[in-house]
Every structure is written in C-alpha cells, then in structure tokens.
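Text of the file coords17.pdb, holding PDB, C-alpha atoms:
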```pdb
ATOM      1  CA  MET A   1     -79.479 102.852  44.609
ATOM      2  CA  ILE A   2     -79.899 106.486  43.654
ATOM      3  CA  THR A   3     -77.245 108.279  41.693
ATOM      4  CA  LEU A   4     -75.607 111.116  43.548
ATOM      5  CA  ASP A   5     -75.123 114.334  41.671
ATOM      6  CA  VAL A   6     -72.270 116.763  42.168
ATOM      7  CA  THR A   7     -74.233 118.705  44.787
ATOM      8  CA  ASP A   8     -74.826 115.557  46.873
ATOM      9  CA  LEU A   9     -71.135 114.702  46.664
ATOM     10  CA  ALA A  10     -70.178 118.249  47.620
ATOM     11  CA  ILE A  11     -72.414 117.975  50.697
ATOM     12  CA  MET A  12     -70.851 114.644  51.661
ATOM     13  CA  ARG A  13     -67.367 116.083  51.286
ATOM     14  CA  ALA A  14     -68.235 119.182  53.268
ATOM     15  CA  THR A  15     -69.655 117.143  56.169
ATOM     16  CA  GLN A  16     -67.084 114.361  56.398
ATOM     17  CA  ALA A  17     -64.748 116.329  58.631
ATOM     18  CA  GLY A  18     -67.734 116.856  60.919
ATOM     19  CA  LEU A  19     -70.623 119.268  61.196
ATOM     20  CA  PRO A  20     -69.542 122.647  62.537
ATOM     21  CA  LEU A  21     -70.263 123.300  66.214
ATOM     22  CA  THR A  22     -72.308 126.389  65.570
ATOM     23  CA  PRO A  23     -76.020 126.833  66.273
ATOM     24  CA  LYS A  24     -76.944 126.438  62.580
ATOM     25  CA  PRO A  25     -74.461 123.886  61.193
ATOM     26  CA  TYR A  26     -76.428 122.993  58.057
ATOM     27  CA  GLN A  27     -76.753 126.654  57.185
ATOM     28  CA  GLN A  28     -72.996 127.053  57.517
ATOM     29  CA  ILE A  29     -72.394 124.071  55.214
ATOM     30  CA  ALA A  30     -74.986 125.457  52.813
ATOM     31  CA  GLY A  31     -73.254 128.830  52.807
ATOM     32  CA  GLN A  32     -69.952 127.222  51.816
ATOM     33  CA  LEU A  33     -71.634 125.487  48.888
ATOM     34  CA  GLY A  34     -73.942 128.259  47.718
ATOM     35  CA  LEU A  35     -77.059 126.334  48.758
ATOM     36  CA  THR A  36     -79.827 126.899  51.260
ATOM     37  CA  ALA A  37     -79.928 125.055  54.578
ATOM     38  CA  GLU A  38     -83.240 123.482  53.503
ATOM     39  CA  GLU A  39     -81.656 122.089  50.357
ATOM     40  CA  VAL A  40     -78.769 120.569  52.336
ATOM     41  CA  MET A  41     -81.172 118.965  54.835
ATOM     42  CA  THR A  42     -83.538 117.707  52.125
ATOM     43  CA  ARG A  43     -80.684 116.106  50.207
ATOM     44  CA  MET A  44     -79.206 114.565  53.362
ATOM     45  CA  THR A  45     -82.631 113.180  54.291
ATOM     46  CA  ALA A  46     -82.957 111.637  50.831
ATOM     47  CA  MET A  47     -79.467 110.135  51.038
ATOM     48  CA  GLN A  48     -80.334 108.661  54.429
ATOM     49  CA  GLU A  49     -83.596 107.189  53.119
ATOM     50  CA  HIS A  50     -81.680 105.548  50.276
ATOM     51  CA  GLY A  51     -78.995 104.161  52.547
ATOM     52  CA  ILE A  52     -76.218 106.354  51.125
ATOM     53  CA  ILE A  53     -75.929 107.789  54.614
ATOM     54  CA  ARG A  54     -76.181 105.013  57.211
ATOM     55  CA  ARG A  55     -76.691 107.300  60.160
ATOM     56  CA  ILE A  56     -75.884 110.811  61.295
ATOM     57  CA  GLY A  57     -74.263 111.137  64.678
ATOM     58  CA  ALA A  58     -71.285 111.351  66.937
ATOM     59  CA  VAL A  59     -68.385 109.037  66.130
ATOM     60  CA  PRO A  60     -66.780 108.127  69.456
ATOM     61  CA  ASN A  61     -63.080 107.419  69.716
ATOM     62  CA  HIS A  62     -63.291 103.986  71.340
ATOM     63  CA  TYR A  63     -59.641 103.861  72.239
ATOM     64  CA  LYS A  64     -59.724 107.173  74.060
ATOM     65  CA  LEU A  65     -62.822 106.105  75.997
ATOM     66  CA  GLY A  66     -61.078 103.132  77.544
ATOM     67  CA  TYR A  67     -61.587 100.516  74.828
ATOM     68  CA  ARG A  68     -57.900  99.726  74.529
ATOM     69  CA  TYR A  69     -58.328  96.188  73.233
ATOM     70  CA  ASN A  70     -59.515  96.274  69.639
ATOM     71  CA  GLY A  71     -59.308  92.975  67.869
ATOM     72  CA  MET A  72     -59.982  92.107  64.266
ATOM     73  CA  THR A  73     -61.301  88.555  64.507
ATOM     74  CA  VAL A  74     -61.085  86.590  61.261
ATOM     75  CA  TRP A  75     -62.822  83.270  60.653
ATOM     76  CA  ASN A  76     -62.700  80.566  58.051
ATOM     77  CA  VAL A  77     -66.293  79.452  57.536
ATOM     78  CA  PRO A  78     -67.961  77.681  54.599
ATOM     79  CA  ASP A  79     -68.959  80.108  51.810
ATOM     80  CA  GLU A  80     -72.346  78.386  51.410
ATOM     81  CA  ILE A  81     -73.496  79.464  54.873
ATOM     82  CA  ILE A  82     -71.463  82.612  55.427
ATOM     83  CA  ASP A  83     -74.473  84.921  54.928
ATOM     84  CA  GLU A  84     -76.430  83.164  57.651
ATOM     85  CA  LEU A  85     -73.441  83.112  60.020
ATOM     86  CA  GLY A  86     -72.487  86.708  59.257
ATOM     87  CA  GLN A  87     -75.980  87.942  60.121
ATOM     88  CA  LYS A  88     -75.717  86.304  63.542
ATOM     89  CA  VAL A  89     -72.271  87.701  64.312
ATOM     90  CA  GLY A  90     -73.208  91.176  63.038
ATOM     91  CA  GLN A  91     -75.995  91.349  65.606
ATOM     92  CA  LEU A  92     -73.694  90.944  68.621
ATOM     93  CA  ASP A  93     -73.577  94.258  70.442
ATOM     94  CA  PHE A  94     -69.807  94.228  70.938
ATOM     95  CA  VAL A  95     -69.156  93.759  67.204
ATOM     96  CA  SER A  96     -68.670  97.089  65.435
ATOM     97  CA  HIS A  97     -68.166  95.790  61.896
ATOM     98  CA  CYS A  98     -68.844  92.421  60.296
ATOM     99  CA  TYR A  99     -67.880  91.688  56.705
ATOM    100  CA  HIS A 100     -67.472  88.893  54.188
ATOM    101  CA  ARG A 101     -64.159  89.335  52.375
ATOM    102  CA  PRO A 102     -62.334  87.077  49.906
ATOM    103  CA  ARG A 103     -59.787  84.477  50.985
ATOM    104  CA  HIS A 104     -56.269  84.500  49.564
ATOM    105  CA  LEU A 105     -55.153  80.897  49.699
ATOM    106  CA  PRO A 106     -52.947  79.524  50.965
ATOM    107  CA  GLU A 107     -51.680  82.339  53.185
ATOM    108  CA  TRP A 108     -55.055  83.829  54.081
ATOM    109  CA  PRO A 109     -57.901  81.315  54.555
ATOM    110  CA  TYR A 110     -60.260  83.658  56.420
ATOM    111  CA  ASN A 111     -63.459  84.990  54.867
ATOM    112  CA  LEU A 112     -65.478  86.429  57.792
ATOM    113  CA  PHE A 113     -64.224  89.540  59.577
ATOM    114  CA  ALA A 114     -65.671  90.889  62.843
ATOM    115  CA  MET A 115     -64.232  93.785  64.826
ATOM    116  CA  VAL A 116     -64.533  93.514  68.613
ATOM    117  CA  HIS A 117     -63.803  96.130  71.267
ATOM    118  CA  GLY A 118     -63.160  95.691  74.966
ATOM    119  CA  LYS A 119     -61.615  97.358  77.974
ATOM    120  CA  SER A 120     -59.493  94.377  78.939
ATOM    121  CA  GLN A 121     -57.913  91.353  77.327
ATOM    122  CA  GLU A 122     -60.260  89.193  79.371
ATOM    123  CA  GLU A 123     -63.312  90.976  77.995
ATOM    124  CA  VAL A 124     -62.124  90.549  74.403
ATOM    125  CA  ASP A 125     -61.262  86.872  75.016
ATOM    126  CA  ASN A 126     -64.785  86.393  76.284
ATOM    127  CA  GLN A 127     -66.223  88.101  73.182
ATOM    128  CA  ILE A 128     -64.153  85.880  70.895
ATOM    129  CA  GLN A 129     -65.406  82.853  72.813
ATOM    130  CA  GLN A 130     -68.999  84.018  72.273
ATOM    131  CA  ILE A 131     -68.434  84.333  68.516
ATOM    132  CA  ALA A 132     -66.807  80.898  68.459
ATOM    133  CA  GLU A 133     -69.832  79.411  70.217
ATOM    134  CA  LEU A 134     -72.191  81.156  67.824
ATOM    135  CA  LEU A 135     -70.279  79.693  64.874
ATOM    136  CA  ASP A 136     -70.125  76.337  66.627
ATOM    137  CA  GLY A 137     -69.073  73.507  64.339
ATOM    138  CA  CYS A 138     -68.709  75.750  61.266
ATOM    139  CA  VAL A 139     -65.259  77.166  61.993
ATOM    140  CA  GLN A 140     -62.323  75.701  60.115
ATOM    141  CA  GLY A 141     -59.886  78.098  61.710
ATOM    142  CA  TYR A 142     -59.671  81.614  63.107
ATOM    143  CA  ASP A 143     -57.223  84.254  64.191
ATOM    144  CA  VAL A 144     -57.340  87.550  66.061
ATOM    145  CA  LEU A 145     -55.247  90.503  64.971
ATOM    146  CA  TYR A 146     -54.750  93.321  67.444
ATOM    147  CA  SER A 147     -53.856  96.757  66.235
ATOM    148  CA  THR A 148     -50.625  97.879  67.796
ATOM    149  CA  LYS A 149     -50.435 101.295  66.179
ATOM    150  CA  ILE A 150     -52.724 103.617  64.292
ATOM    151  CA  LEU A 151     -50.627 104.931  61.441
ATOM    152  CA  LYS A 152     -53.290 107.031  59.737
ATOM    153  CA  LYS A 153     -56.958 107.608  60.351
ATOM    154  CA  THR A 154     -59.127 110.044  58.490
ATOM    155  CA  GLY A 155     -62.769 110.103  57.527
ATOM    156  CA  PHE A 156     -64.139 109.048  54.172
ATOM    157  CA  ARG A 157     -62.670 110.683  51.165
ATOM    158  CA  SER A 158     -64.014 110.697  47.679
ATOM    159  CA  ARG A 159     -62.211 112.037  44.701
TER     160      ARG A 159
ATOM    161  CA  MET B   1     -41.470 107.396  86.294
ATOM    162  CA  VAL B   2     -42.213 111.061  85.908
ATOM    163  CA  SER B   3     -43.978 110.532  82.595
ATOM    164  CA  PHE B   4     -45.936 107.626  84.072
ATOM    165  CA  LEU B   5     -47.179 109.817  86.898
ATOM    166  CA  ALA B   6     -47.939 112.628  84.514
ATOM    167  CA  ARG B   7     -50.005 110.303  82.363
ATOM    168  CA  GLY B   8     -51.821 108.931  85.392
ATOM    169  CA  HIS B   9     -52.664 112.447  86.397
ATOM    170  CA  THR B  10     -53.980 113.307  82.936
ATOM    171  CA  LYS B  11     -56.156 110.218  82.989
ATOM    172  CA  GLN B  12     -57.718 111.329  86.260
ATOM    173  CA  VAL B  13     -58.478 114.724  84.769
ATOM    174  CA  TYR B  14     -60.188 113.059  81.801
ATOM    175  CA  LYS B  15     -62.183 110.831  84.077
ATOM    176  CA  ARG B  16     -63.473 113.768  86.053
ATOM    177  CA  MET B  17     -64.278 115.517  82.829
ATOM    178  CA  LEU B  18     -66.906 113.083  81.612
ATOM    179  CA  THR B  19     -70.058 114.557  83.055
ATOM    180  CA  PRO B  20     -73.483 112.940  82.758
ATOM    181  CA  LEU B  21     -74.104 115.325  79.833
ATOM    182  CA  HIS B  22     -70.937 114.140  78.064
ATOM    183  CA  LYS B  23     -72.021 110.544  78.532
ATOM    184  CA  GLN B  24     -75.511 111.209  77.174
ATOM    185  CA  LEU B  25     -74.040 112.980  74.158
ATOM    186  CA  LEU B  26     -71.643 110.084  73.562
ATOM    187  CA  ASN B  27     -74.198 107.317  73.806
ATOM    188  CA  ASP B  28     -77.546 108.776  72.772
ATOM    189  CA  PHE B  29     -76.548 110.656  69.632
ATOM    190  CA  GLN B  30     -74.537 108.178  67.618
ATOM    191  CA  ARG B  31     -77.570 108.025  65.360
ATOM    192  CA  ASP B  32     -80.570 110.259  64.737
ATOM    193  CA  PHE B  33     -78.593 113.453  65.100
ATOM    194  CA  PRO B  34     -81.294 115.955  64.128
ATOM    195  CA  LEU B  35     -81.588 117.128  60.541
ATOM    196  CA  SER B  36     -83.087 120.437  61.542
ATOM    197  CA  SER B  37     -82.045 124.067  61.394
ATOM    198  CA  ARG B  38     -80.993 124.126  65.072
ATOM    199  CA  PRO B  39     -79.932 120.521  65.818
ATOM    200  CA  TYR B  40     -77.937 121.355  68.949
ATOM    201  CA  GLN B  41     -80.907 123.233  70.317
ATOM    202  CA  ASP B  42     -83.134 120.201  69.615
ATOM    203  CA  ILE B  43     -80.693 117.990  71.508
ATOM    204  CA  ALA B  44     -80.616 120.536  74.324
ATOM    205  CA  ILE B  45     -84.403 120.466  74.607
ATOM    206  CA  THR B  46     -84.400 116.645  74.667
ATOM    207  CA  LEU B  47     -81.817 116.655  77.470
ATOM    208  CA  GLY B  48     -83.295 119.609  79.355
ATOM    209  CA  VAL B  49     -80.194 121.804  79.131
ATOM    210  CA  SER B  50     -79.263 124.922  77.158
ATOM    211  CA  GLU B  51     -77.954 124.922  73.597
ATOM    212  CA  ASP B  52     -74.756 126.585  74.864
ATOM    213  CA  LYS B  53     -74.191 123.717  77.294
ATOM    214  CA  VAL B  54     -74.574 121.173  74.510
ATOM    215  CA  LEU B  55     -72.192 123.052  72.233
ATOM    216  CA  SER B  56     -69.568 123.504  74.932
ATOM    217  CA  ALA B  57     -69.834 119.853  76.044
ATOM    218  CA  LEU B  58     -69.381 118.701  72.437
ATOM    219  CA  THR B  59     -66.430 121.060  72.034
ATOM    220  CA  GLU B  60     -64.844 119.477  75.110
ATOM    221  CA  LEU B  61     -65.421 115.992  73.678
ATOM    222  CA  TYR B  62     -63.771 117.083  70.420
ATOM    223  CA  ASP B  63     -60.879 118.841  72.136
ATOM    224  CA  ASN B  64     -60.070 115.743  74.177
ATOM    225  CA  ASN B  65     -60.511 113.503  71.147
ATOM    226  CA  PHE B  66     -63.341 111.527  72.770
ATOM    227  CA  ILE B  67     -65.245 111.929  69.522
ATOM    228  CA  SER B  68     -63.597 112.114  66.141
ATOM    229  CA  ARG B  69     -66.530 113.951  64.556
ATOM    230  CA  ILE B  70     -70.276 114.412  64.343
ATOM    231  CA  GLY B  71     -71.609 113.829  60.891
ATOM    232  CA  PRO B  72     -72.982 111.379  58.356
ATOM    233  CA  ILE B  73     -71.617 107.824  58.384
ATOM    234  CA  ILE B  74     -71.461 106.174  54.989
ATOM    235  CA  PRO B  75     -71.479 102.400  54.449
ATOM    236  CA  PRO B  76     -68.499 101.106  52.480
ATOM    237  CA  ASN B  77     -68.687 101.135  48.689
ATOM    238  CA  HIS B  78     -71.671 103.467  48.451
ATOM    239  CA  ILE B  79     -69.544 106.320  47.277
ATOM    240  CA  GLY B  80     -66.530 105.182  45.345
ATOM    241  CA  VAL B  81     -64.931 101.746  45.515
ATOM    242  CA  SER B  82     -62.885 100.658  48.495
ATOM    243  CA  THR B  83     -60.826  97.754  49.676
ATOM    244  CA  LEU B  84     -59.035  96.502  52.766
ATOM    245  CA  ALA B  85     -55.468  95.618  51.907
ATOM    246  CA  ALA B  86     -52.777  93.895  53.939
ATOM    247  CA  MET B  87     -49.025  93.701  53.523
ATOM    248  CA  ALA B  88     -46.290  91.684  55.185
ATOM    249  CA  VAL B  89     -43.428  94.097  55.830
ATOM    250  CA  PRO B  90     -40.243  93.547  57.860
ATOM    251  CA  GLU B  91     -40.608  95.266  61.228
ATOM    252  CA  GLN B  92     -37.672  97.635  60.731
ATOM    253  CA  GLN B  93     -39.159  98.932  57.478
ATOM    254  CA  LEU B  94     -42.740  99.154  58.667
ATOM    255  CA  GLN B  95     -42.820 102.837  59.535
ATOM    256  CA  ALA B  96     -41.136 103.890  56.314
ATOM    257  CA  VAL B  97     -43.525 101.787  54.222
ATOM    258  CA  ALA B  98     -46.516 102.996  56.247
ATOM    259  CA  ASP B  99     -45.490 106.617  55.674
ATOM    260  CA  LYS B 100     -45.323 106.049  51.926
ATOM    261  CA  ILE B 101     -48.785 104.463  51.948
ATOM    262  CA  SER B 102     -50.295 107.140  54.176
ATOM    263  CA  ALA B 103     -49.134 109.782  51.732
ATOM    264  CA  TYR B 104     -51.699 108.530  49.197
ATOM    265  CA  PRO B 105     -54.890 110.580  49.514
ATOM    266  CA  GLU B 106     -56.865 107.436  48.591
ATOM    267  CA  VAL B 107     -55.705 105.733  51.800
ATOM    268  CA  ASN B 108     -57.678 106.547  54.914
ATOM    269  CA  HIS B 109     -57.191 103.973  57.654
ATOM    270  CA  ASN B 110     -53.738 102.528  58.099
ATOM    271  CA  TYR B 111     -53.002 100.202  61.027
ATOM    272  CA  GLU B 112     -50.149  98.124  62.287
ATOM    273  CA  ARG B 113     -51.365  94.705  63.457
ATOM    274  CA  GLU B 114     -49.641  91.829  65.231
ATOM    275  CA  HIS B 115     -49.434  89.266  62.454
ATOM    276  CA  THR B 116     -47.265  88.188  59.515
ATOM    277  CA  PHE B 117     -49.555  90.554  57.628
ATOM    278  CA  ASN B 118     -48.640  93.484  59.828
ATOM    279  CA  LEU B 119     -49.734  96.494  57.807
ATOM    280  CA  TRP B 120     -53.426  97.003  57.059
ATOM    281  CA  PHE B 121     -54.998  99.872  55.221
ATOM    282  CA  VAL B 122     -58.238 100.910  53.596
ATOM    283  CA  ALA B 123     -58.089 102.565  50.193
ATOM    284  CA  ILE B 124     -61.008 104.268  48.482
ATOM    285  CA  ALA B 125     -61.153 105.532  44.912
ATOM    286  CA  SER B 126     -63.731 106.768  42.452
ATOM    287  CA  ASP B 127     -63.757 103.511  40.462
ATOM    288  CA  ALA B 128     -62.227 100.027  40.377
ATOM    289  CA  GLY B 129     -59.604 101.000  37.796
ATOM    290  CA  HIS B 130     -58.335 103.885  39.878
ATOM    291  CA  LEU B 131     -58.290 101.688  43.014
ATOM    292  CA  GLN B 132     -56.210  99.024  41.270
ATOM    293  CA  ALA B 133     -53.837 101.706  39.993
ATOM    294  CA  VAL B 134     -53.312 102.905  43.569
ATOM    295  CA  LEU B 135     -52.538  99.369  44.796
ATOM    296  CA  ASP B 136     -50.165  98.839  41.854
ATOM    297  CA  ALA B 137     -48.424 102.123  42.595
ATOM    298  CA  ILE B 138     -48.053 101.200  46.278
ATOM    299  CA  GLU B 139     -46.531  97.819  45.358
ATOM    300  CA  LEU B 140     -44.136  99.448  42.940
ATOM    301  CA  GLU B 141     -43.120 102.191  45.362
ATOM    302  CA  THR B 142     -42.659  99.975  48.425
ATOM    303  CA  GLY B 143     -41.534  96.747  46.811
ATOM    304  CA  TYR B 144     -44.067  94.678  48.792
ATOM    305  CA  LYS B 145     -47.160  92.834  47.636
ATOM    306  CA  THR B 146     -50.625  93.988  48.660
ATOM    307  CA  MET B 147     -53.325  91.445  49.511
ATOM    308  CA  SER B 148     -56.605  93.095  48.551
ATOM    309  CA  MET B 149     -59.795  92.025  50.334
ATOM    310  CA  PRO B 150     -62.705  94.109  49.036
ATOM    311  CA  LEU B 151     -66.005  93.789  50.786
ATOM    312  CA  LEU B 152     -68.257  91.032  49.445
ATOM    313  CA  ASN B 153     -71.048  91.478  51.957
ATOM    314  CA  ASP B 154     -71.742  93.706  54.948
ATOM    315  CA  PHE B 155     -73.576  92.001  57.829
ATOM    316  CA  PHE B 156     -73.570  94.812  60.265
ATOM    317  CA  ILE B 157     -76.728  96.672  61.201
ATOM    318  CA  ASP B 158     -75.100  99.882  62.264
ATOM    319  CA  LEU B 159     -76.947 101.507  65.122
ATOM    320  CA  GLY B 160     -73.855 102.945  66.752
ATOM    321  CA  PHE B 161     -71.816 101.277  69.464
ATOM    322  CA  LYS B 162     -73.116 101.043  73.015
ATOM    323  CA  LEU B 163     -70.357 102.483  75.189
ATOM    324  CA  ASP B 164     -69.927 101.380  78.781
ATOM    325  CA  LEU B 165     -69.033 104.684  80.441
ATOM    326  CA  HIS B 166     -69.489 103.605  84.035
ATOM    327  CA  ASN B 167     -65.861 104.132  84.894
ATOM    328  CA  ALA B 168     -65.167 106.795  82.325
TER     329      ALA B 168
END
```
Give the structure from the file, written as structure tokens.
Amino acid sequence: MITLDVTDLAIMRATQAGLPLTPKPYQQIAGQLGLTAEEVMTRMTAMQEHGIIRRIGAVPNHYKLGYRYNGMTVWNVPDEIIDELGQKVGQLDFVSHCYHRPRHLPEWPYNLFAMVHGKSQEEVDNQIQQIAELLDGCVQGYDVLYSTKILKKTGFRSR
Amino acid sequence: MVSFLARGHTKQVYKRMLTPLHKQLLNDFQRDFPLSSRPYQDIAITLGVSEDKVLSALTELYDNNFISRIGPIIPPNHIGVSTLAAMAVPEQQLQAVADKISAYPEVNHNYEREHTFNLWFVAIASDAGHLQAVLDAIELETGYKTMSMPLLNDFFIDLGFKLDLHNA
C-alpha cells in the first residue's frame, strides 16, 4: 500500500462530500487546495490504481429508490473456510457488502456479514434463502437484522 | 389520512421524475466516473445529450436525495482505522444514547436495528489507539457496553450496485 501524504488526504477530504456539480469539478477542488486540476486528477488516478480509492461514481440512496428492505444478514460459519465462503457470497449481485468480522461469544456467534437490499420482504427472504443455499451445510446459525431507523449517515471522515 | 394521501402524491411526482437520463446516470456511473477536466461533458457525449442536461439531471437526483454524492469510494481501513460497533440499549433510551454517539465526529453511520443489539454504528479514527479511546468514551458517557467488530476481511468486489429502476 502506498503512503498518502497530506495533499492526498486533503484531496480525499475535499471530495468526500461529493464532487461539485460544475463543468470543471476537479479544477474547483484544486482551487480550494492551491493545486492544479492536473495534480488532483493525477493523484486521484494513482490512489485508484493502488486501491486507496475503490471507485469513483454516483452513490445511490437505495432506500429512496424503492429498496426499503435492507437486511444485515449475519452467519456463523467455520473460520477455516470463511474466506472461501465469503468470496462466494460477495459475488452475489444483491449483496452490497460482505465482511468477515470477529465473534463475541457467547452473545454474538456470527462471523460473516452480508448486506442485502430488496424492494419487498419477499425479495429479501428469497435473497437470504439463496445465501443459505450457497453456504449449504456450513452454517451453524444465522440471523437477519433490519434497520428500522437511520440515526446518522455521513461520508467517510478522516481526522 | 391527509398525510397518507400527501405522501402518495409525492411518491407519484418522484416516479414521474425519473427520466431515462436519470436512470442511466444512476446505473451507469456508479464506477468509472471520468477523471478528466470536463467529466460531465464526457458523460454527456457518451449519452448523446448536452453537458447542461447532465448537470441539471444530477442536480435533480441530489435535490431529491436519490444520490447521496458523486465522488471517490474508499474501502474500509485504507485511510484511518474503523470498526463496526453494536450496543444493546433499552428502547426508551435509544434516541438519547444515539444522539450522544452521533455527536462524536469519529462516528459516521449510526443505525437502529431490530435485535437485542439494537444500536449499530461505524467509527473511524486516525489510529487504533484513538479508535479505542472513542469507544471507551462512548461507554463511559452512555453507561452501555460497546461490542466492537472490526473488519478482518473484505470479500466484496465493489462494482456498484445494479439498481432495478423499472418501476422507479
């Protein structure tokens, strides 16, 4: 991984609220930071090549677009094969995030997290069923947690 | 009843608002947004419309909160250290506790979920020590334990999320 310098971090901070909707957005960002547009674009390209930036694009608000059923599915699968299982689940097109996280026994036995999004309960139930089939025989338990309220949501922040 | 009707009406307005251009902008530019001096013009050329049309369509998507932003998406833990934390808080105290947590600048997402662990948030800090200090401070201030679940591995190949906008 490359080390980001203060200029890279300043660019990331300046773009996290979104690129301005003006014909030359990178130039506007550059102007705020005392850089040239070329320098901003070159640094962003480098950060993308090194995986610091995963992608550049529009971030849709799923909920507002009709995806009212957003479930965090959590699974208890053996640690020895979680990488293999996680890869499979992460490839499903209705899964927006898929992570291995630590268990907290005894109250939290789940180690594989996959976020699913659907327009109806039925659609989400079907997605959960598909994950269960994919993990066939490896699941020692699972749960689905629906978000009932968004209490705070902002972009990335770095201090 | 009145508010129900009013909401139904609003929904219809939104539905009519999503033009083919809106839908293309929503689905085709979740990745590979151009890194060029005139990115909106490049998109306009790709879609065969004017730059003004692209900018005004994106403004409409922003104004109606159909997109939260256009910009770089960063995988977790590439800048700073983050964790997903959960708390079990009595229902009647949930909002008050959530407000205290949301006040921390290190906390970005904060959700209520239907579970014994009913409060979930993501905290990000410059280093592990600072992150732990934030969790400790939250426990001290709220009086409830945090269950921290930092990322161990990320399995997702993030190419954006294919939206079904047929009825949108």
Please put the answer as AutoDock Vina command-line options: centre and edge lengths, in Å with one decimal, of a box along x, y and z that encloses all listed atoms of region 70-78 of chain A plus 4 Å on each side.
```
--center_x -63.6 --center_y 87.0 --center_z 62.1 --size_x 16.7 --size_y 26.6 --size_z 23.0
```
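The set of residues that the PyMOL selection byres ((chain B and resi 91) around 12) takes from this file is Met87, Ala88, Val89, Pro90, Gln92, Gln93, Leu94, Gln95, Ala96, Val97, Ala98, Glu112, Arg113, Glu114, His115, Thr116, Phe117, Asn118 and Leu119 of chain B.
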Practice prompt. Step by step, work through what the PyMOL selection byres ((chain A and resi 74) around 9) selects in the shown file, and finish by giving those residues as a VMD selection string.
Written response: chain A and resid 72 to 73 75 to 76 110 to 115 141 to 145
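Here CA of Val134 (chain B) is placed at a distance of 11.0 Å from CA of Thr83 (chain B).
Distance check against chain B using all atoms listed in the file: of A:Glu49, A:Ala132, A:Gly118, A:Gly57, the minimum falls on A:Gly57.
Taking only C-alpha atoms into account, His50 (chain A) lies nearest to B:Pro75 out of the set B:Pro75, B:Leu131, B:Ala125, B:Leu152.
Residue selection for this entry, given the PyMOL selection byres ((chain A and resi 17) around 8), comprises Arg13, Ala14, Thr15, Gln16, Gly18, Leu19 and Gly155 of chain A; Arg69 and Gly71 of chain B.
Interatomic distance, CA of Ser147 (chain A) against CA of Asn70 (chain A): 6.6 Å.
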